[in-house]
$ cat my_file_25.tsv   # TSV, C-alpha atoms
chain	number	residue	atom	x	y	z
A	97	MET	CA	-104.72	54.26	-42.50
A	98	GLN	CA	-103.53	52.91	-45.87
A	99	LYS	CA	-100.49	55.21	-45.73
A	100	PHE	CA	-98.82	52.72	-43.35
A	101	ASP	CA	-99.56	49.56	-45.38
A	102	ALA	CA	-95.95	49.23	-46.60
A	103	ILE	CA	-94.57	48.89	-43.06
A	104	ARG	CA	-97.35	47.88	-40.65
A	105	PRO	CA	-98.05	44.42	-39.17
A	106	PHE	CA	-101.30	42.65	-39.94
A	107	TYR	CA	-104.58	43.94	-38.62
A	108	ASP	CA	-106.50	41.38	-36.59
A	109	ALA	CA	-108.99	41.03	-39.48
A	110	GLU	CA	-106.11	39.80	-41.67
A	111	ILE	CA	-104.60	37.33	-39.20
A	112	ASN	CA	-106.57	34.19	-39.96
A	113	GLU	CA	-106.13	34.45	-43.72
A	114	ALA	CA	-102.37	34.97	-43.27
A	115	ILE	CA	-102.13	31.93	-40.99
A	116	GLN	CA	-104.06	29.77	-43.45
A	117	LYS	CA	-101.46	30.61	-46.11
A	118	VAL	CA	-98.47	29.50	-44.01
A	119	VAL	CA	-99.91	26.80	-41.74
A	120	HIS	CA	-98.49	24.04	-43.99
A	121	HIS	CA	-95.13	25.76	-44.58
A	122	PRO	CA	-92.10	23.61	-43.57
A	123	MET	CA	-90.73	26.45	-41.41
A	124	MET	CA	-94.05	26.71	-39.56
A	125	LYS	CA	-93.89	22.97	-38.93
A	126	ALA	CA	-90.32	23.32	-37.62
A	127	LEU	CA	-91.36	26.20	-35.33
A	128	MET	CA	-94.40	24.36	-33.97
A	129	ASP	CA	-92.56	21.05	-33.55
A	130	PHE	CA	-89.96	22.93	-31.51
A	131	THR	CA	-92.61	24.75	-29.48
A	132	PHE	CA	-94.90	21.76	-28.91
A	133	PRO	CA	-92.63	18.69	-29.11
A	134	ASP	CA	-95.23	16.36	-27.58
A	135	VAL	CA	-98.25	17.64	-29.49
A	136	ASP	CA	-99.59	16.00	-32.64
A	137	GLU	CA	-99.24	18.10	-35.79
A	138	GLU	CA	-102.97	18.16	-36.48
A	139	VAL	CA	-103.66	19.56	-33.00
A	140	TRP	CA	-101.50	22.67	-33.39
A	141	LYS	CA	-102.68	23.14	-36.97
A	142	GLU	CA	-106.30	23.19	-35.83
A	143	GLN	CA	-105.44	25.63	-33.05
A	144	LEU	CA	-103.65	27.89	-35.52
A	145	LYS	CA	-106.63	27.83	-37.87
A	146	LYS	CA	-108.83	29.09	-35.01
A	147	THR	CA	-106.57	32.07	-34.35
A	148	HIS	CA	-108.03	35.49	-35.25
A	149	SER	CA	-105.89	38.08	-33.47
A	150	ILE	CA	-102.25	39.00	-33.00
A	151	ARG	CA	-102.66	38.73	-29.23
A	152	ASP	CA	-103.95	35.16	-29.51
A	153	PHE	CA	-101.08	34.25	-31.82
A	154	GLN	CA	-98.51	35.81	-29.51
A	155	CYS	CA	-99.93	34.38	-26.28
A	156	ASN	CA	-100.74	30.86	-27.51
A	157	PHE	CA	-97.78	30.30	-29.81
A	158	ILE	CA	-94.93	32.86	-29.74
A	159	TYR	CA	-94.85	33.15	-25.94
A	160	LYS	CA	-94.58	29.38	-25.67
A	161	SER	CA	-91.85	29.34	-28.32
A	162	VAL	CA	-89.87	31.86	-26.26
A	163	MET	CA	-90.31	29.71	-23.14
A	164	GLN	CA	-88.92	26.72	-25.03
A	165	VAL	CA	-85.93	28.78	-26.22
A	166	LEU	CA	-85.23	29.81	-22.63
A	167	GLU	CA	-85.53	26.24	-21.38
A	168	LYS	CA	-83.30	24.71	-24.05
A	169	THR	CA	-80.65	27.41	-24.56
A	170	SER	CA	-80.36	29.36	-21.30
A	171	GLU	CA	-80.12	29.08	-17.54
A	172	GLY	CA	-83.05	31.43	-17.10
A	173	LEU	CA	-84.29	34.97	-17.56
A	174	SER	CA	-84.41	37.45	-14.67
A	175	THR	CA	-86.06	40.86	-14.80
A	176	SER	CA	-86.30	44.05	-12.77
A	177	GLY	CA	-88.27	47.27	-13.06
A	178	PHE	CA	-91.39	45.95	-14.80
A	179	GLU	CA	-93.40	46.37	-11.61
A	180	LYS	CA	-93.02	50.15	-11.94
A	181	LEU	CA	-94.95	50.25	-15.23
A	182	GLU	CA	-98.68	50.87	-15.31
A	183	GLN	CA	-101.17	48.47	-16.87
A	184	ASN	CA	-103.15	49.56	-19.94
A	185	THR	CA	-100.48	52.19	-20.64
A	186	SER	CA	-98.30	52.49	-23.73
A	187	TYR	CA	-94.57	53.19	-23.52
A	188	LEU	CA	-91.75	53.80	-25.97
A	189	PHE	CA	-89.13	51.23	-24.99
A	190	ILE	CA	-85.64	52.12	-26.25
A	191	SER	CA	-83.11	49.39	-25.52
A	192	ASN	CA	-79.60	48.30	-26.24
A	193	HIS	CA	-79.53	45.65	-28.95
A	194	ARG	CA	-77.71	42.33	-28.79
A	195	ASP	CA	-79.84	39.84	-30.72
A	196	ILE	CA	-82.10	40.26	-33.75
A	197	ILE	CA	-85.12	38.33	-32.49
A	198	LEU	CA	-84.59	37.59	-28.82
A	199	ASP	CA	-84.25	41.13	-27.44
A	200	THR	CA	-87.78	42.14	-28.34
A	201	SER	CA	-89.25	38.64	-27.85
A	202	LEU	CA	-87.95	38.41	-24.29
A	203	ILE	CA	-89.11	41.93	-23.46
A	204	ASN	CA	-92.59	41.12	-24.78
A	205	ALA	CA	-92.71	37.86	-22.82
A	206	SER	CA	-91.81	39.82	-19.69
A	207	LEU	CA	-94.48	42.44	-20.42
A	208	PHE	CA	-97.01	39.64	-20.84
A	209	ASP	CA	-95.96	38.03	-17.56
A	210	HIS	CA	-96.54	41.35	-15.79
A	211	GLY	CA	-99.92	41.99	-17.42
A	212	LEU	CA	-98.63	44.99	-19.39
A	213	VAL	CA	-99.21	46.23	-22.93
A	214	MET	CA	-96.97	44.32	-25.35
A	215	THR	CA	-95.09	46.14	-28.07
A	216	ALA	CA	-95.14	46.67	-31.76
A	217	SER	CA	-91.46	46.22	-32.60
A	218	ALA	CA	-89.20	47.62	-35.29
A	219	ILE	CA	-87.41	45.12	-37.53
A	220	GLY	CA	-85.16	45.78	-40.53
A	221	ASP	CA	-86.69	44.69	-43.82
A	222	ASN	CA	-83.36	43.03	-44.66
A	223	LEU	CA	-84.14	40.40	-42.01
A	224	VAL	CA	-87.47	39.32	-43.48
A	225	LYS	CA	-86.73	38.96	-47.17
A	226	LYS	CA	-88.02	35.37	-47.10
A	227	SER	CA	-91.80	35.49	-47.53
A	228	PHE	CA	-92.46	33.19	-44.57
A	229	LEU	CA	-90.35	35.34	-42.24
A	230	LEU	CA	-92.15	38.47	-43.43
A	231	THR	CA	-95.52	36.87	-42.70
A	232	LEU	CA	-94.33	35.61	-39.31
A	233	SER	CA	-93.00	39.06	-38.38
A	234	LYS	CA	-96.32	40.71	-39.32
A	235	LEU	CA	-98.18	38.08	-37.28
A	236	ASN	CA	-95.96	39.00	-34.34
A	237	ARG	CA	-96.68	42.75	-34.56
A	238	ASN	CA	-93.39	43.78	-36.15
A	239	PHE	CA	-93.27	46.88	-38.33
A	240	LEU	CA	-90.64	47.32	-41.00
A	241	VAL	CA	-87.64	49.63	-40.98
A	242	LEU	CA	-86.87	50.16	-44.67
A	243	ARG	CA	-83.14	49.87	-45.35
A	244	GLY	CA	-80.82	50.64	-48.26
A	245	LEU	CA	-82.85	53.47	-49.79
A	246	PRO	CA	-81.52	56.57	-51.61
A	247	PRO	CA	-81.31	59.65	-49.34
A	248	ARG	CA	-84.58	61.25	-50.45
A	249	GLU	CA	-86.57	58.02	-50.14
A	250	LEU	CA	-84.87	57.23	-46.83
A	251	LEU	CA	-86.04	60.56	-45.44
A	252	GLN	CA	-89.60	59.84	-46.57
A	253	ALA	CA	-89.46	56.33	-45.07
A	254	SER	CA	-88.14	57.70	-41.77
A	255	LYS	CA	-90.98	60.23	-41.59
A	256	LEU	CA	-93.54	57.52	-42.35
A	257	MET	CA	-92.15	55.29	-39.60
A	258	ALA	CA	-92.08	58.18	-37.12
A	259	GLU	CA	-95.72	58.97	-37.87
A	260	TYR	CA	-96.65	55.31	-37.49
A	261	ILE	CA	-94.89	55.08	-34.12
A	262	ALA	CA	-96.73	58.20	-32.96
A	263	GLN	CA	-100.00	56.68	-34.18
A	264	LEU	CA	-99.36	53.51	-32.17
A	265	LEU	CA	-98.30	55.26	-28.98
A	266	LEU	CA	-100.71	58.18	-28.84
A	267	ARG	CA	-103.82	56.95	-30.61
A	268	GLU	CA	-103.82	53.16	-30.38
A	269	ASN	CA	-102.34	52.88	-26.87
A	270	ARG	CA	-99.82	50.36	-28.20
A	271	SER	CA	-96.31	50.23	-26.73
A	272	VAL	CA	-93.40	50.35	-29.17
A	273	TRP	CA	-89.92	48.79	-28.99
A	274	ILE	CA	-87.01	50.21	-30.94
A	275	ALA	CA	-83.26	49.68	-30.63
A	276	GLN	CA	-81.08	52.59	-29.55
A	277	ARG	CA	-79.13	52.33	-32.82
A	278	GLU	CA	-79.37	50.69	-36.23
A	279	GLY	CA	-78.06	47.13	-36.06
A	280	ARG	CA	-76.86	45.10	-33.13
A	281	THR	CA	-74.05	46.30	-30.90
A	282	LYS	CA	-71.07	44.13	-31.87
A	283	ASP	CA	-68.26	45.53	-29.72
A	284	GLY	CA	-70.05	45.72	-26.34
A	285	ASN	CA	-70.30	49.52	-26.46
A	286	ASP	CA	-73.96	50.43	-26.10
A	287	ALA	CA	-74.71	54.01	-27.19
A	288	THR	CA	-77.90	55.68	-28.38
A	289	HIS	CA	-77.53	57.04	-31.90
A	290	PRO	CA	-78.99	60.56	-32.16
A	291	GLY	CA	-80.31	59.63	-35.62
A	292	VAL	CA	-82.83	57.26	-34.02
A	293	LEU	CA	-84.18	60.09	-31.86
A	294	LYS	CA	-84.22	62.49	-34.82
A	295	MET	CA	-86.31	59.95	-36.72
A	296	LEU	CA	-88.74	59.61	-33.80
A	297	ALA	CA	-88.97	63.40	-33.59
A	298	MET	CA	-90.40	63.50	-37.12
A	299	GLY	CA	-93.66	62.23	-35.64
A	300	SER	CA	-93.93	65.21	-33.29
A	301	ASP	CA	-96.60	67.89	-33.54
A	302	GLU	CA	-95.22	69.74	-30.49
A	303	ALA	CA	-93.40	73.06	-30.63
A	304	ASN	CA	-90.69	71.63	-28.36
A	305	LEU	CA	-89.38	68.12	-28.94
A	306	MET	CA	-89.06	67.40	-25.24
A	307	ASP	CA	-92.81	67.89	-24.82
A	308	TYR	CA	-93.38	65.22	-27.47
A	309	PHE	CA	-90.91	62.79	-25.93
A	310	LYS	CA	-92.62	63.35	-22.59
A	311	LYS	CA	-95.99	62.43	-24.13
A	312	VAL	CA	-94.73	59.13	-25.57
A	313	LYS	CA	-93.17	58.07	-22.26
A	314	ILE	CA	-89.64	56.92	-23.08
A	315	VAL	CA	-88.47	53.92	-21.04
A	316	PRO	CA	-84.80	52.92	-21.45
A	317	VAL	CA	-84.24	49.16	-21.26
A	318	SER	CA	-81.01	47.21	-20.74
A	319	ILE	CA	-80.70	43.58	-21.77
A	320	SER	CA	-77.61	41.47	-21.13
A	321	TYR	CA	-76.68	37.89	-21.99
A	322	GLU	CA	-74.05	36.00	-20.01
A	323	TYR	CA	-72.99	34.39	-23.30
A	324	ASP	CA	-73.80	36.30	-26.48
A	325	PRO	CA	-75.14	33.52	-28.73
A	326	THR	CA	-73.83	35.28	-31.84
A	327	ASP	CA	-70.48	36.46	-30.46
A	328	ALA	CA	-68.30	34.62	-32.98
A	329	LEU	CA	-70.55	35.65	-35.88
A	330	LYS	CA	-69.82	39.30	-35.10
A	331	MET	CA	-66.08	38.82	-35.56
A	332	PRO	CA	-65.80	39.19	-39.37
A	333	GLN	CA	-67.40	42.65	-39.30
A	334	LEU	CA	-65.28	43.76	-36.34
A	335	MET	CA	-62.15	42.55	-38.12
A	336	ALA	CA	-63.09	44.39	-41.30
A	337	GLU	CA	-63.63	47.60	-39.33
A	338	ALA	CA	-60.32	47.13	-37.52
A	339	ASN	CA	-58.61	46.90	-40.91
A	340	ASN	CA	-60.55	49.92	-42.30
A	341	GLU	CA	-62.29	47.65	-44.80
A	342	ILE	CA	-65.88	47.81	-45.99
A	343	TYR	CA	-67.77	44.81	-44.64
A	344	ILE	CA	-70.04	42.98	-47.09
A	345	LYS	CA	-72.43	40.43	-45.64
A	346	GLU	CA	-72.48	36.88	-46.96
A	347	LYS	CA	-75.65	35.61	-48.62
A	348	ASN	CA	-78.13	34.41	-45.93
A	349	GLU	CA	-75.88	35.83	-43.19
A	350	ASP	CA	-78.77	37.64	-41.50
A	351	PHE	CA	-80.85	34.46	-41.52
A	352	MET	CA	-78.04	32.36	-40.06
A	353	THR	CA	-77.46	34.98	-37.36
A	354	LEU	CA	-81.17	34.92	-36.58
A	355	LEU	CA	-81.12	31.14	-36.11
A	356	SER	CA	-77.89	31.22	-34.10
A	357	GLY	CA	-79.32	33.86	-31.79
A	358	ILE	CA	-82.36	31.73	-31.07
A	359	MET	CA	-80.63	28.36	-30.67
A	360	GLY	CA	-77.19	29.42	-29.37
A	361	GLN	CA	-76.27	28.99	-25.70
A	362	LYS	CA	-76.87	32.12	-23.61
A	363	LYS	CA	-76.57	30.98	-19.98
A	364	ARG	CA	-78.25	33.68	-17.87
A	365	ILE	CA	-80.15	36.69	-19.25
A	366	HIS	CA	-81.30	39.83	-17.47
A	367	ILE	CA	-83.65	42.61	-18.56
A	368	HIS	CA	-83.97	45.83	-16.59
A	369	VAL	CA	-86.67	48.39	-17.30
A	370	GLY	CA	-85.63	51.89	-16.30
A	371	ASP	CA	-87.81	54.74	-15.07
A	372	VAL	CA	-89.88	56.74	-17.53
A	373	LEU	CA	-87.77	59.72	-18.57
A	374	ASP	CA	-89.63	62.72	-17.15
A	375	LYS	CA	-87.61	65.10	-14.98
A	376	GLU	CA	-84.69	64.51	-17.33
A	377	LEU	CA	-86.76	65.92	-20.21
A	378	ASP	CA	-87.78	68.93	-18.13
A	379	GLY	CA	-84.11	69.58	-17.39
A	380	ILE	CA	-83.11	69.26	-21.04
A	381	LYS	CA	-85.93	71.61	-22.11
A	382	ALA	CA	-84.87	74.19	-19.53
A	383	GLU	CA	-81.18	74.02	-20.42
A	384	PHE	CA	-81.25	73.86	-24.24
A	385	ASP	CA	-83.40	75.64	-26.80
A	386	ASN	CA	-81.54	74.10	-29.74
A	387	SER	CA	-83.14	70.84	-30.93
A	388	ASN	CA	-79.81	69.22	-31.86
A	389	LYS	CA	-78.42	69.86	-28.39
A	390	GLN	CA	-81.65	68.55	-26.90
A	391	ILE	CA	-81.31	65.34	-28.94
A	392	GLN	CA	-77.70	64.91	-27.81
A	393	ALA	CA	-78.68	65.40	-24.18
A	394	LEU	CA	-81.58	62.95	-24.50
A	395	SER	CA	-79.22	60.37	-26.06
A	396	GLN	CA	-76.97	60.75	-23.03
A	397	ALA	CA	-79.91	60.41	-20.61
A	398	ILE	CA	-80.94	57.15	-22.28
A	399	ASP	CA	-77.33	55.89	-22.18
A	400	ASP	CA	-77.04	56.81	-18.51
A	401	SER	CA	-80.11	54.73	-17.69
A	402	ILE	CA	-79.09	51.73	-19.80
A	403	LEU	CA	-75.47	51.62	-18.68
A	404	THR	CA	-76.13	52.09	-14.97
A	405	SER	CA	-78.67	49.26	-14.97
A	406	TYR	CA	-76.77	46.91	-17.29
A	407	LYS	CA	-76.29	43.53	-15.60
A	408	LEU	CA	-72.64	42.46	-15.64
A	409	TRP	CA	-71.96	38.72	-15.62
A	410	PRO	CA	-68.85	36.72	-14.66
A	411	THR	CA	-68.04	36.50	-18.39
A	412	ASN	CA	-67.68	40.28	-18.57
A	413	TYR	CA	-65.22	40.40	-15.68
A	414	ILE	CA	-63.30	37.35	-16.93
A	415	ALA	CA	-62.89	38.91	-20.37
A	416	TYR	CA	-61.66	42.16	-18.84
A	417	ASP	CA	-59.05	40.38	-16.72
A	418	ILE	CA	-57.82	38.23	-19.62
A	419	LEU	CA	-57.71	41.17	-22.02
A	420	HIS	CA	-55.77	43.39	-19.64
A	421	LYS	CA	-53.70	40.63	-18.04
A	422	THR	CA	-54.91	41.46	-14.56
A	423	GLU	CA	-56.75	39.85	-11.66
A	424	LYS	CA	-58.64	43.02	-10.77
A	425	PHE	CA	-62.03	41.27	-10.84
A	426	LYS	CA	-60.96	37.81	-9.69
A	427	HIS	CA	-63.50	38.01	-6.84
A	428	LYS	CA	-66.33	38.30	-9.40
A	429	TYR	CA	-65.98	34.80	-10.86
A	430	THR	CA	-64.90	31.26	-10.06
A	431	GLU	CA	-62.06	29.31	-11.64
A	432	ASN	CA	-64.63	27.00	-13.21
A	433	GLU	CA	-66.44	29.95	-14.82
A	434	LYS	CA	-63.12	31.21	-16.15
A	435	SER	CA	-62.22	27.79	-17.57
A	436	LEU	CA	-65.58	27.53	-19.34
A	437	PHE	CA	-65.18	30.98	-20.87
A	438	GLU	CA	-61.62	30.21	-22.02
A	439	ARG	CA	-62.92	27.00	-23.57
A	440	ARG	CA	-65.55	29.02	-25.46
A	441	LEU	CA	-62.83	31.36	-26.67
A	442	GLU	CA	-60.78	28.40	-27.94
A	443	MET	CA	-63.75	26.88	-29.75
A	444	LYS	CA	-65.05	30.08	-31.35
A	445	ILE	CA	-61.95	32.08	-32.23
A	446	ASP	CA	-58.62	31.57	-34.00
A	447	GLU	CA	-56.28	32.12	-31.07
A	448	ASN	CA	-53.41	32.83	-33.49
A	449	ASN	CA	-55.25	35.90	-34.75
A	450	PRO	CA	-54.72	38.70	-32.19
A	451	ILE	CA	-57.36	40.94	-33.77
A	452	GLN	CA	-59.98	38.21	-33.38
A	453	VAL	CA	-58.96	37.45	-29.80
A	454	GLU	CA	-58.94	41.11	-28.77
A	455	GLY	CA	-62.24	41.77	-30.54
A	456	PHE	CA	-63.94	38.80	-28.90
A	457	LEU	CA	-62.66	39.71	-25.43
A	458	ALA	CA	-63.45	43.41	-25.87
A	459	MET	CA	-67.04	42.54	-26.79
A	460	TYR	CA	-67.48	41.10	-23.29
A	461	ALA	CA	-65.08	43.43	-21.45
A	462	ASN	CA	-66.26	46.83	-22.70
A	463	PRO	CA	-69.54	46.79	-20.69
A	464	VAL	CA	-67.38	46.61	-17.53
A	465	VAL	CA	-65.51	49.73	-18.63
A	466	ASN	CA	-68.69	51.52	-19.65
A	467	LYS	CA	-70.48	50.83	-16.39
A	468	SER	CA	-67.41	51.80	-14.35
A	469	LYS	CA	-67.91	55.41	-15.44
A	470	TYR	CA	-70.95	55.53	-13.18
A	471	GLU	CA	-69.19	53.85	-10.27
A	472	ASN	CA	-66.11	56.11	-10.23
A	473	VAL	CA	-63.78	53.25	-11.09
A	474	ALA	CA	-60.89	54.02	-13.42
A	475	LEU	CA	-60.44	51.19	-15.90
A	476	SER	CA	-58.43	50.54	-19.03
A	477	TYR	CA	-60.27	50.01	-22.27
A	478	LEU	CA	-59.60	48.61	-25.68
A	479	PRO	CA	-60.43	51.12	-28.45
A	480	THR	CA	-62.45	49.51	-31.20
A	481	GLN	CA	-62.95	50.81	-34.70
A	482	GLY	CA	-66.20	52.77	-34.91
A	483	GLY	CA	-67.14	52.15	-31.28
A	484	THR	CA	-67.96	54.68	-28.62
A	485	ILE	CA	-65.55	54.21	-25.75
A	486	ILE	CA	-66.48	55.68	-22.39

$ encode --input "my_file_25.tsv" --output "structure tokens"
Amino acid sequence: MQKFDAIRPFYDAEINEAIQKVVHHPMMKALMDFTFPDVDEEVWKEQLKKTHSIRDFQCNFIYKSVMQVLEKTSEGLSTSGFEKLEQNTSYLFISNHRDIILDTSLINASLFDHGLVMTASAIGDNLVKKSFLLTLSKLNRNFLVLRGLPPRELLQASKLMAEYIAQLLLRENRSVWIAQREGRTKDGNDATHPGVLKMLAMGSDEANLMDYFKKVKIVPVSISYEYDPTDALKMPQLMAEANNEIYIKEKNEDFMTLLSGIMGQKKRIHIHVGDVLDKELDGIKAEFDNSNKQIQALSQAIDDSILTSYKLWPTNYIAYDILHKTEKFKHKYTENEKSLFERRLEMKIDENNPIQVEGFLAMYANPVVNKSKYENVALSYLPTQGGTII
């Protein structure tokens, strides 16, 4: 299977050697000191040196790191839907995307808690340019999405990734996580990009794409944070888009966003696992014989699942009411919750910059508008540059 070497995580046979190379790295020390604050350094080092599989690394170290993140930066994680999944079964989880590391880490922790197959997870190679982060991602069963390639090479890389995902799902019985679009959603409008599904379809050996997607068992997942830990960091790109400017990332911006996502305050978090798409695929196959129309319909089916199950928090309703100068959802939050959110707005955003204020509020308010489509509630919305408004 050397064809996948450029993108795959470590094999178990490579784990111990990789750990030995980074066990003394300052960032490993920082991670372990955070995870095991009351444990002597030599103790966790010895435990790491005895680790010989990805599962052991994830269960004994990463899972406990995630629990520490939840304890220190949130008011808890709630879940729903995991009980419907079958043990020893692989699924293709397609989710909305809010945070670089946490989305997939929290989903995997929840899968572990429910005794289910954990995922191999897609991660952009731009996020792991530092050698330690690349090693850590491969230890944690991440596979690389190659970015910034010329069109011909990008097509080849997409086909390689699609074939690798098919290999994981159909031959290795390994679940896979992938975001519904490239990059995190920054304006609160979650929508599945057809390009992601077209990439996945490159791994198909079926005459009809819907038969392939049925085989890999697509499960839409919604994840929502009461406070987005990187909300303010998303503002420069939103402002550039609002001004029709090309956004260029600062040096180390991805790394700083990664750290902010982990250590930033989130309050409550909820993950909902939808039903495996099955009858929906039969319906799409029966209605459309054109693959592009099938892809569009499948995108909508995934969106329908994610948006209907998306957990709305008081912050979402508060932002909507502030943005639209209304008290429509006053019954959904307390005055104290509103005061805390307004304080966050003051601290994070230049209140004299209307584009920043509107962008920040829309990020939280748009999920209310999007979900209202499924509840027959007519709401106002704030159009955002490049966003999909429902």

$ atom_distance --input "my_file_25.tsv" --atom1 "CA of Ile402 in chain A" --atom2 "CA of Val272 in chain A"
17.2 Å

$ atom_distance --input "my_file_25.tsv" --atom1 "CA of Ala297 in chain A" --atom2 "CA of Gly370 in chain A"
21.0 Å

$ residues_around --input "my_file_25.tsv" --residues "range 445-453 of chain A" --least-positions-apart "3" --cutoff "7 Å" --atoms "all atoms listed in the file" --output "PyMOL selection string"
chain A and resi 328+331+335+441-442+456-457

$ atom_distance --input "my_file_25.tsv" --atom1 "CA of Thr215 in chain A" --atom2 "CA of Glu249 in chain A"
26.5 Å

$ axis_aligned_box --input "my_file_25.tsv" --around "range 310-323 of chain A" --padding-each-side "4 Å" --output "lines of an AutoDock Vina configuration file"
center_x = -84.5
center_y = 48.9
center_z = -22.8
size_x = 31.0
size_y = 37.0
size_z = 13.6

$ closest_residue --input "my_file_25.tsv" --among "A:Ile115, A:His366, A:Gln390, A:Leu329" --to "Met352 in chain A" --atoms "only C-alpha atoms"
A:Leu329

$ closest_atom_pairs --input "my_file_25.tsv" --of "range 361-472 of chain A" --to "range 190-214 of chain A" --cutoff "12 Å" --atoms "all atoms listed in the file" --output "tab-separated table"
residue	atom	partner	partner_atom	distance
A:Lys362	CA	A:Leu198	CA	10.8
A:Ile365	CA	A:Leu202	CA	9.4
A:His366	CA	A:Leu202	CA	9.6
A:Ile367	CA	A:Ile203	CA	7.4
A:His368	CA	A:Ile203	CA	9.4
A:Val369	CA	A:Ser191	CA	9.0
A:Gly370	CA	A:Ser191	CA	9.9
A:Asp371	CA	A:Ile190	CA	11.7
A:Val372	CA	A:Ile190	CA	10.7
A:Leu373	CA	A:Ile190	CA	11.0
A:Leu394	CA	A:Ile190	CA	11.7
A:Ser395	CA	A:Ile190	CA	10.5
A:Ala397	CA	A:Ile190	CA	11.5
A:Ile398	CA	A:Ile190	CA	7.9
A:Asp399	CA	A:Asn192	CA	8.9
A:Asp400	CA	A:Asn192	CA	11.8
A:Ser401	CA	A:Ser191	CA	9.9
A:Ile402	CA	A:Asn192	CA	7.3
A:Leu403	CA	A:Asn192	CA	9.2
A:Ser405	CA	A:Asn192	CA	11.3
A:Tyr406	CA	A:Asn192	CA	9.5
A:Met459	CA	A:Arg194	CA	10.9
A:Tyr460	CA	A:Arg194	CA	11.7
A:Pro463	CA	A:Asn192	CA	11.6

$ closest_residue --input "my_file_25.tsv" --among "A:Ser468, A:Asn412, A:Asn340, A:Thr175" --to "Ser318 in chain A" --atoms "only C-alpha atoms"
A:Thr175

$ residues_around --input "my_file_25.tsv" --residues "range 143-157 of chain A" --least-positions-apart "2" --cutoff "7 Å" --atoms "only C-alpha atoms" --output "VMD selection string"
chain A and resid 108 111 to 112 115 to 116 139 to 141 159 to 161 235 to 237

$ closest_residue --input "my_file_25.tsv" --among "A:Thr404, A:Asn462, A:Ser356, A:Gln361" --to "Gly284 in chain A" --atoms "all atoms listed in the file"
A:Asn462

$ closest_residue --input "my_file_25.tsv" --among "A:Asn432, A:Ser271, A:Thr231, A:Gln396" --to "Asp286 in chain A" --atoms "only C-alpha atoms"
A:Gln396

$ closest_residue --input "my_file_25.tsv" --among "A:Leu230, A:Met295, A:Ile380, A:Leu242" --to "Ala114 in chain A" --atoms "all atoms listed in the file"
A:Leu230

$ residues_near_point --input "my_file_25.tsv" --point "(-83.8, 28.9, -23.7)" --cutoff "12 Å" --atoms "all atoms listed in the file" --output "PyMOL selection string"
chain A and resi 130-131+160-173+198+201-202+321+325+357-365
